[in-house]
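Okay, query.txt now, which holds compact mmCIF, C-alpha atoms and all ligand atoms:
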```txt
# COMPACT_ATOMS: atom_id res chain seq x y z
CA MET A 1 29.21 113.26 45.22
CA GLY A 2 26.38 112.29 42.86
CA LYS A 3 26.04 113.20 39.20
CA LYS A 4 25.59 116.90 38.36
CA ILE A 5 21.89 117.70 37.99
CA GLU A 6 21.10 119.16 34.58
CA LYS A 7 17.51 118.07 34.00
CA ILE A 8 14.74 117.66 36.55
CA GLY A 9 11.45 115.79 36.07
CA VAL A 10 8.35 116.92 37.95
CA MET A 11 5.10 115.04 38.50
CA THR A 12 1.88 115.15 40.52
CA SER A 13 0.57 111.86 41.86
CA GLY A 14 -2.30 110.57 44.02
CA GLY A 15 -5.37 112.68 44.80
CA ASP A 16 -5.03 116.15 43.28
CA ALA A 17 -5.03 119.24 45.47
CA PRO A 18 -5.45 122.96 44.80
CA GLY A 19 -2.00 124.53 44.64
CA MET A 20 -0.34 121.66 42.78
CA ASN A 21 -0.14 123.91 39.71
CA ALA A 22 1.56 126.61 41.76
CA ALA A 23 4.11 124.00 42.90
CA ILE A 24 4.73 122.84 39.30
CA ARG A 25 5.22 126.46 38.24
CA ALA A 26 7.70 127.05 41.05
CA VAL A 27 9.73 123.96 40.10
CA VAL A 28 9.75 124.87 36.39
CA ARG A 29 10.73 128.48 36.96
CA SER A 30 13.40 127.61 39.55
CA CYS A 31 14.94 125.24 37.02
CA SER A 32 14.96 128.05 34.51
CA TYR A 33 16.45 130.45 37.07
CA TYR A 34 19.30 128.00 37.72
CA ARG A 35 19.65 127.33 33.99
CA ILE A 36 18.75 123.69 34.00
CA GLU A 37 16.07 121.86 32.05
CA CYS A 38 12.68 120.75 33.34
CA VAL A 39 10.43 117.98 32.08
CA GLY A 40 6.83 117.45 33.16
CA ILE A 41 5.64 113.88 33.61
CA TYR A 42 1.95 113.33 32.96
CA ARG A 43 -0.28 111.17 35.23
CA GLY A 44 2.30 110.56 37.95
CA TYR A 45 4.10 107.22 38.03
CA GLN A 46 1.88 105.86 35.27
CA GLY A 47 3.15 108.52 32.87
CA LEU A 48 6.69 107.76 34.00
CA ILE A 49 6.22 104.12 33.02
CA GLU A 50 4.69 105.11 29.67
CA GLY A 51 7.22 107.86 28.92
CA ASP A 52 4.49 110.49 28.78
CA PHE A 53 6.75 113.54 29.06
CA VAL A 54 6.58 117.22 28.11
CA ARG A 55 9.34 119.84 28.03
CA LEU A 56 8.43 122.74 30.31
CA GLY A 57 9.83 126.27 30.19
CA PRO A 58 8.90 129.36 32.17
CA ARG A 59 6.15 130.31 29.68
CA SER A 60 4.59 126.82 29.74
CA VAL A 61 3.40 127.58 33.27
CA SER A 62 2.01 131.06 32.67
CA ASN A 63 -1.24 131.83 34.48
CA ILE A 64 -1.55 128.48 36.22
CA ILE A 65 -0.82 129.75 39.74
CA SER A 66 -4.51 130.57 40.16
CA LYS A 67 -5.86 127.28 38.78
CA GLY A 68 -7.08 124.27 40.74
CA GLY A 69 -6.33 120.70 39.63
CA THR A 70 -3.02 119.84 38.03
CA LEU A 71 -1.76 120.69 34.59
CA LEU A 72 0.23 117.43 34.62
CA LYS A 73 -2.84 115.30 35.57
CA SER A 74 -2.64 112.77 38.35
CA ALA A 75 -3.10 109.05 38.83
CA ARG A 76 -2.57 106.21 41.26
CA SER A 77 -0.41 103.65 39.44
CA LYS A 78 -0.68 99.95 40.28
CA GLU A 79 2.05 99.11 37.76
CA PHE A 80 4.64 101.21 39.57
CA ARG A 81 4.21 98.89 42.56
CA THR A 82 5.80 96.13 40.47
CA LYS A 83 9.53 95.75 39.83
CA GLU A 84 8.87 95.57 36.07
CA GLY A 85 6.95 98.84 36.16
CA ARG A 86 9.75 100.61 38.00
CA GLU A 87 12.32 99.22 35.56
CA LYS A 88 10.38 100.70 32.63
CA ALA A 89 10.20 104.01 34.49
CA TYR A 90 13.96 104.01 35.07
CA LYS A 91 14.68 103.27 31.41
CA ASN A 92 12.45 106.16 30.33
CA LEU A 93 14.21 108.53 32.70
CA LYS A 94 17.61 107.46 31.35
CA ASN A 95 16.47 107.84 27.72
CA GLU A 96 15.16 111.31 28.47
CA LYS A 97 18.39 112.13 30.40
CA ILE A 98 16.41 113.17 33.46
CA ASP A 99 18.74 113.29 36.49
CA ALA A 100 16.31 113.82 39.36
CA LEU A 101 12.63 113.89 40.25
CA VAL A 102 10.37 116.25 42.18
CA LEU A 103 7.35 114.29 43.41
CA ILE A 104 4.27 116.27 44.40
CA GLY A 105 1.72 114.20 46.33
CA GLY A 106 1.06 112.37 49.57
CA ASP A 107 2.08 109.19 51.39
CA GLY A 108 1.70 106.85 48.41
CA THR A 109 3.70 109.18 46.19
CA PHE A 110 6.56 109.35 48.68
CA THR A 111 6.55 105.59 49.24
CA GLY A 112 6.98 105.13 45.48
CA GLY A 113 9.86 107.62 45.50
CA MET A 114 11.61 105.86 48.38
CA VAL A 115 11.40 102.45 46.76
CA PHE A 116 12.61 103.86 43.45
CA ASN A 117 15.48 105.66 45.13
CA SER A 118 16.57 102.54 46.99
CA GLU A 119 16.51 100.40 43.83
CA TYR A 120 18.10 102.84 41.38
CA ASP A 121 19.79 105.41 43.61
CA PHE A 122 17.77 108.00 41.71
CA PRO A 123 17.57 111.47 43.36
CA CYS A 124 14.01 112.26 44.52
CA ILE A 125 12.57 115.12 46.53
CA GLY A 126 8.97 115.13 47.78
CA ILE A 127 6.57 118.06 48.06
CA PRO A 128 3.47 117.42 50.21
CA GLY A 129 0.34 118.03 48.13
CA THR A 130 -2.92 116.64 49.51
CA ILE A 131 -6.02 118.23 50.97
CA ASP A 132 -5.86 115.79 53.92
CA ASN A 133 -2.93 117.48 55.74
CA ASP A 134 -1.94 114.03 56.98
CA ILE A 135 1.80 114.21 56.28
CA PHE A 136 4.43 114.21 59.00
CA GLY A 137 7.14 116.87 58.61
CA THR A 138 5.00 119.83 57.61
CA ASN A 139 2.44 121.88 59.48
CA PHE A 140 0.47 122.27 56.25
CA THR A 141 0.18 120.33 53.02
CA ILE A 142 -0.56 122.10 49.73
CA GLY A 143 -4.33 122.20 49.14
CA TYR A 144 -5.42 121.83 52.73
CA ASP A 145 -6.08 125.52 53.36
CA THR A 146 -8.13 125.82 50.17
CA ALA A 147 -10.16 122.72 51.02
CA LEU A 148 -10.86 124.09 54.50
CA ASN A 149 -12.17 127.32 53.04
CA THR A 150 -14.32 125.43 50.54
CA VAL A 151 -15.79 123.25 53.29
CA VAL A 152 -16.44 126.16 55.64
CA GLY A 153 -18.15 128.07 52.82
CA VAL A 154 -20.43 125.14 52.06
CA ILE A 155 -21.27 124.44 55.71
CA ASP A 156 -22.20 128.11 56.14
CA LYS A 157 -24.73 127.63 53.34
CA ILE A 158 -26.02 124.40 54.85
CA ARG A 159 -26.41 126.23 58.15
CA ASP A 160 -28.76 128.74 56.49
CA THR A 161 -31.19 126.08 55.37
CA ALA A 162 -30.71 123.97 58.52
CA SER A 163 -31.68 126.96 60.59
CA SER A 164 -34.73 127.86 58.43
CA HIS A 165 -36.11 124.33 58.87
CA ASN A 166 -34.88 123.61 62.40
CA ARG A 167 -32.99 120.59 61.11
CA LEU A 168 -30.00 118.52 62.10
CA PHE A 169 -27.48 118.03 59.27
CA PHE A 170 -24.77 115.41 59.02
CA VAL A 171 -22.10 116.75 56.69
CA GLU A 172 -19.52 114.26 55.46
CA VAL A 173 -16.13 115.69 54.54
CA MET A 174 -13.03 114.01 53.08
CA GLY A 175 -10.40 112.36 55.25
CA ARG A 176 -10.26 108.56 55.21
CA ASP A 177 -7.54 108.39 57.82
CA ALA A 178 -7.23 111.92 59.09
CA GLY A 179 -9.59 114.36 60.78
CA PHE A 180 -7.81 117.61 59.96
CA ILE A 181 -10.45 118.85 57.52
CA ALA A 182 -13.35 117.77 59.73
CA LEU A 183 -11.92 119.23 62.91
CA ASN A 184 -10.70 122.54 61.55
CA ALA A 185 -13.57 123.22 59.18
CA GLY A 186 -15.97 122.06 61.91
CA VAL A 187 -14.58 124.56 64.40
CA GLY A 188 -14.47 127.25 61.71
CA ALA A 189 -18.10 126.69 60.77
CA GLY A 190 -19.31 126.35 64.37
CA ALA A 191 -20.36 122.69 64.11
CA GLU A 192 -22.11 121.24 67.15
CA GLU A 193 -20.26 117.91 66.91
CA ILE A 194 -17.24 116.67 64.96
CA LEU A 195 -16.52 112.99 64.30
CA ILE A 196 -12.97 112.11 63.25
CA PRO A 197 -10.92 108.94 62.65
CA GLU A 198 -8.55 109.78 65.51
CA GLU A 199 -11.22 109.63 68.22
CA ASP A 200 -14.11 107.30 68.85
CA MET A 201 -16.85 109.40 70.31
CA GLY A 202 -19.23 106.47 70.61
CA LEU A 203 -22.89 106.45 69.60
CA GLU A 204 -24.20 106.91 73.12
CA ARG A 205 -22.15 110.03 73.70
CA LEU A 206 -23.26 111.42 70.36
CA LEU A 207 -26.93 110.93 71.31
CA GLU A 208 -26.30 112.54 74.71
CA CYS A 209 -24.61 115.53 73.12
CA LEU A 210 -27.43 116.00 70.65
CA LYS A 211 -30.05 115.78 73.41
CA ARG A 212 -28.15 118.41 75.37
CA THR A 213 -27.93 120.60 72.28
CA LYS A 214 -31.70 120.42 71.83
CA ARG A 215 -32.30 121.24 75.50
CA SER A 216 -29.99 124.24 75.28
CA GLY A 217 -32.42 125.85 72.84
CA LYS A 218 -30.51 125.50 69.57
CA SER A 219 -32.79 125.37 66.56
CA SER A 220 -30.36 123.82 64.08
CA SER A 221 -27.35 121.58 64.42
CA ILE A 222 -24.46 120.52 62.24
CA VAL A 223 -22.45 117.37 62.81
CA VAL A 224 -19.31 117.22 60.68
CA VAL A 225 -18.24 113.64 59.95
CA ALA A 226 -14.88 112.69 58.43
CA GLU A 227 -15.13 109.89 55.83
CA GLY A 228 -13.09 107.60 58.07
CA ASP A 229 -14.67 108.45 61.43
CA LYS A 230 -14.25 105.80 64.12
CA ILE A 231 -17.84 105.40 65.15
CA GLY A 232 -18.21 102.53 62.68
CA LYS A 233 -21.26 103.64 60.69
CA ASN A 234 -21.34 105.56 57.45
CA VAL A 235 -22.94 108.97 57.47
CA PHE A 236 -26.33 107.71 56.24
CA GLU A 237 -26.48 104.92 58.84
CA LEU A 238 -25.50 107.44 61.45
CA ALA A 239 -28.28 109.80 60.40
CA ASN A 240 -30.85 106.95 60.47
CA TYR A 241 -29.67 105.84 63.88
CA VAL A 242 -30.02 109.34 65.31
CA GLU A 243 -33.44 109.87 63.73
CA GLU A 244 -34.68 106.56 65.19
CA ASN A 245 -33.35 107.35 68.64
CA LEU A 246 -34.07 111.06 68.76
CA PRO A 247 -37.40 111.56 66.98
CA GLU A 248 -37.39 115.21 68.04
CA TYR A 249 -34.81 115.79 65.29
CA GLU A 250 -35.51 116.08 61.57
CA VAL A 251 -32.29 114.85 60.00
CA ARG A 252 -30.65 115.45 56.63
CA VAL A 253 -27.32 114.32 55.14
CA SER A 254 -24.95 116.16 52.86
CA VAL A 255 -21.87 114.45 51.42
CA LEU A 256 -19.48 117.09 50.09
CA GLY A 257 -17.28 114.71 48.07
CA HIS A 258 -14.83 115.78 45.41
CA MET A 259 -15.87 119.42 45.30
CA GLN A 260 -13.43 119.69 48.23
CA ARG A 261 -10.53 118.96 45.91
CA GLY A 262 -11.34 121.61 43.31
CA GLY A 263 -11.32 125.37 42.99
CA ALA A 264 -8.79 128.15 42.86
CA PRO A 265 -6.07 127.71 45.48
CA SER A 266 -6.06 130.13 48.41
CA CYS A 267 -3.24 132.66 48.65
CA PHE A 268 -1.79 130.60 51.50
CA ASP A 269 -1.59 127.49 49.31
CA ARG A 270 -0.06 129.42 46.40
CA VAL A 271 2.67 130.89 48.59
CA LEU A 272 3.32 127.56 50.33
CA ALA A 273 3.54 125.74 46.99
CA THR A 274 5.90 128.35 45.61
CA ARG A 275 8.26 128.21 48.60
CA LEU A 276 8.33 124.41 48.62
CA GLY A 277 8.80 124.16 44.85
CA VAL A 278 11.81 126.49 44.88
CA LYS A 279 13.37 124.64 47.82
CA ALA A 280 12.92 121.24 46.17
CA VAL A 281 14.97 122.32 43.16
CA GLU A 282 17.64 123.97 45.31
CA LEU A 283 18.01 120.83 47.41
CA LEU A 284 18.49 118.67 44.32
CA LEU A 285 21.12 121.08 43.02
CA ASP A 286 22.85 120.82 46.42
CA GLY A 287 23.04 117.05 45.98
CA LYS A 288 20.25 116.21 48.46
CA THR A 289 17.84 113.34 47.88
CA ASN A 290 15.18 111.24 49.59
CA VAL A 291 13.73 114.08 51.63
CA MET A 292 10.45 115.94 51.69
CA VAL A 293 10.26 119.71 51.98
CA GLY A 294 7.72 121.07 54.42
CA LEU A 295 6.75 124.13 56.39
CA ILE A 296 7.51 124.00 60.10
CA ASN A 297 6.86 127.12 62.15
CA ASN A 298 6.88 129.14 58.93
CA SER A 299 10.33 127.91 57.95
CA VAL A 300 10.96 125.57 55.01
CA GLU A 301 12.51 122.40 56.48
CA THR A 302 13.38 118.93 55.25
CA THR A 303 12.30 115.53 56.59
CA GLU A 304 13.55 112.12 55.42
CA LEU A 305 10.94 110.62 53.08
CA GLU A 306 10.83 107.55 55.29
CA LYS A 307 9.98 109.63 58.34
CA ALA A 308 7.39 111.61 56.39
CA VAL A 309 5.69 108.34 55.43
CA LYS A 310 6.01 106.53 58.75
CA GLY A 311 5.55 109.47 61.11
CA HIS A 312 2.13 110.56 62.27
CA HIS A 313 0.92 114.13 61.94
CA GLU A 314 -1.10 114.53 65.13
CA ILE A 315 -4.29 116.52 65.21
CA SER A 316 -4.51 119.19 67.87
CA GLY A 317 -5.92 117.85 71.13
CA ASP A 318 -6.46 121.42 72.21
CA LEU A 319 -8.65 122.12 69.21
CA LEU A 320 -10.82 119.15 70.16
CA ARG A 321 -11.22 120.62 73.63
CA VAL A 322 -12.01 124.05 72.26
CA SER A 323 -14.56 122.56 69.88
CA ASP A 324 -16.33 120.78 72.77
CA MET A 325 -16.44 124.02 74.73
CA MET A 326 -18.03 125.90 71.85
CA ALA A 327 -20.80 123.32 71.49
CA ILE A 328 -22.35 124.42 74.79
O1 LIG B 401 -6.18 111.73 49.79
C1 LIG B 401 -7.01 112.69 49.26
C2 LIG B 401 -8.44 112.22 49.19
O2 LIG B 401 -9.18 113.29 48.67
C3 LIG B 401 -9.04 111.71 50.49
O3 LIG B 401 -9.46 112.69 51.37
C4 LIG B 401 -10.18 110.86 49.97
O4 LIG B 401 -10.53 109.90 50.91
C5 LIG B 401 -9.60 110.25 48.73
O5 LIG B 401 -8.56 111.12 48.30
C6 LIG B 401 -10.58 110.03 47.61
O6 LIG B 401 -9.92 109.41 46.57
P1 LIG B 401 -10.52 109.22 45.09
O7 LIG B 401 -10.38 110.53 44.39
O8 LIG B 401 -9.65 108.17 44.49
O9 LIG B 401 -11.94 108.84 45.23
```

Please go through the file and, once you have read it, give me the structure as structure tokens.
Ligand code: F6P
Amino acid sequence: MGKKIEKIGVMTSGGDAPGMNAAIRAVVRSCSYYRIECVGIYRGYQGLIEGDFVRLGPRSVSNIISKGGTLLKSARSKEFRTKEGREKAYKNLKNEKIDALVLIGGDGTFTGGMVFNSEYDFPCIGIPGTIDNDIFGTNFTIGYDTALNTVVGVIDKIRDTASSHNRLFFVEVMGRDAGFIALNAGVGAGAEEILIPEEDMGLERLLECLKRTKRSGKSSSIVVVAEGDKIGKNVFELANYVEENLPEYEVRVSVLGHMQRGGAPSCFDRVLATRLGVKAVELLLDGKTNVMVGLINNSVETTELEKAVKGHHEISGDLLRVSDMMAI
């Protein structure tokens, strides 16, 4: 039986995601509900190393459920990858009498937690917060639903102008290693083609598809491209290549960038964040550690951090098929 948990530290780390604030609020208020203390750690692992802490009570998180970004700020810390960095972090936690950590973030965040736990036997629970939805052990990560809605809203607007000018648009969306945003927002916005890291469509097939699209009488076309698509060209090179090979198309490019990470979280993300935040605290109080909380078939479940990091969250093959059918 580990030490009784009386004070929990919470942090957000890696790329921010809408709904992180809702998760922080849920952790803080659950701590209060169970009459234990809560400390916020600024700027993820970097703040842990620097002892950048703040006491949080239920009123410190008033009115943040509706806000994008993260009250606690976020960072990617190189120093925490070193033994010396982690030692400083451990000393700060001891000085502050923090007994356990809730880590809100993605792969990198959980890897840091696992290493820290193995070196110092320090209780850590992960909450998946990233717009990429690329975490094994949850159907949805916090922020993904909001990002999808942002992307669909923007593509709808691009469609208006694409259609007025009979143009072909390449729209780049986030996702270095995962095509969840591209595939789902692409289907949701009725994109003609979707290029994702998980599948190499090949340039020839892309040209063929676009020729077919033109022949079928469509006046405008949208190709959604994930940042990390497999075709091997960036979105501008891709657009040039298509314009050179298919002069019948007038091509434009739109890179959505970091706007996808901002904005008020959707109701789905707020509820998800709240459920996961409460569960994270309850697990720590039950003596659990080294797991991530996630939503599987609408039930809050746990997955070993190691599995969450090493496992692969597969995109839906059926959605790819459906998307091809709709491009007719
Ligand atoms: O992991 C979240 C994410 O938004 C990715 O989709 C994107 O590739 C990356 O972060 C961008 O990172 P940065 O904010 O450091 O440019």

Excluding A:Asn184 and residues on its chain fewer than 6 positions from it, collect all residues at most 12 Å away from it, counting all atoms listed in the file, and give them as a ChimeraX atom specification.
-> /A:132-133,144-145,147-152,173,175,178,190-191,193-196,224-226,315-320,322-323

Which residue gives the smallest distance to A:Leu168 among A:Lys233, A:Lys214, A:Lys67, A:Arg252, with only C-alpha atoms counted?
->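 Under the stated criterion, the closest residue is A:Arg252.
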
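Take atom CA of A:Ala23 and atom CA of A:Glu50: the distance between them is 23.1 Å.
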
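Of the residues under consideration (A:Gly19, A:Gly143, A:Gly217, A:Gly40), A:Gly19 shows the shortest atom-to-atom contact distance to A:Ile65 when counting all atoms listed in the file.
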
Please identify every polymer residue within 7 Å of ligand LIG 401 (chain B), using all atoms listed in the file, and present the set as an NGL selection string.
-> :A and (15 or 130-132 or 174-176 or 227 or 258 or 261)

From the set A:Gly106, A:Gly232, A:Gly263, A:Pro247, which residue has the shortest atom-to-atom contact distance to A:Lys211, counting all atoms listed in the file?
->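 Smallest distance to A:Lys211 is found for A:Pro247.
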
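Among the candidate residues A:Glu37, A:Asp107, A:Glu84, A:Glu314, the one lying nearest to A:Ile49 is A:Glu84, with distances computed using all atoms listed in the file.
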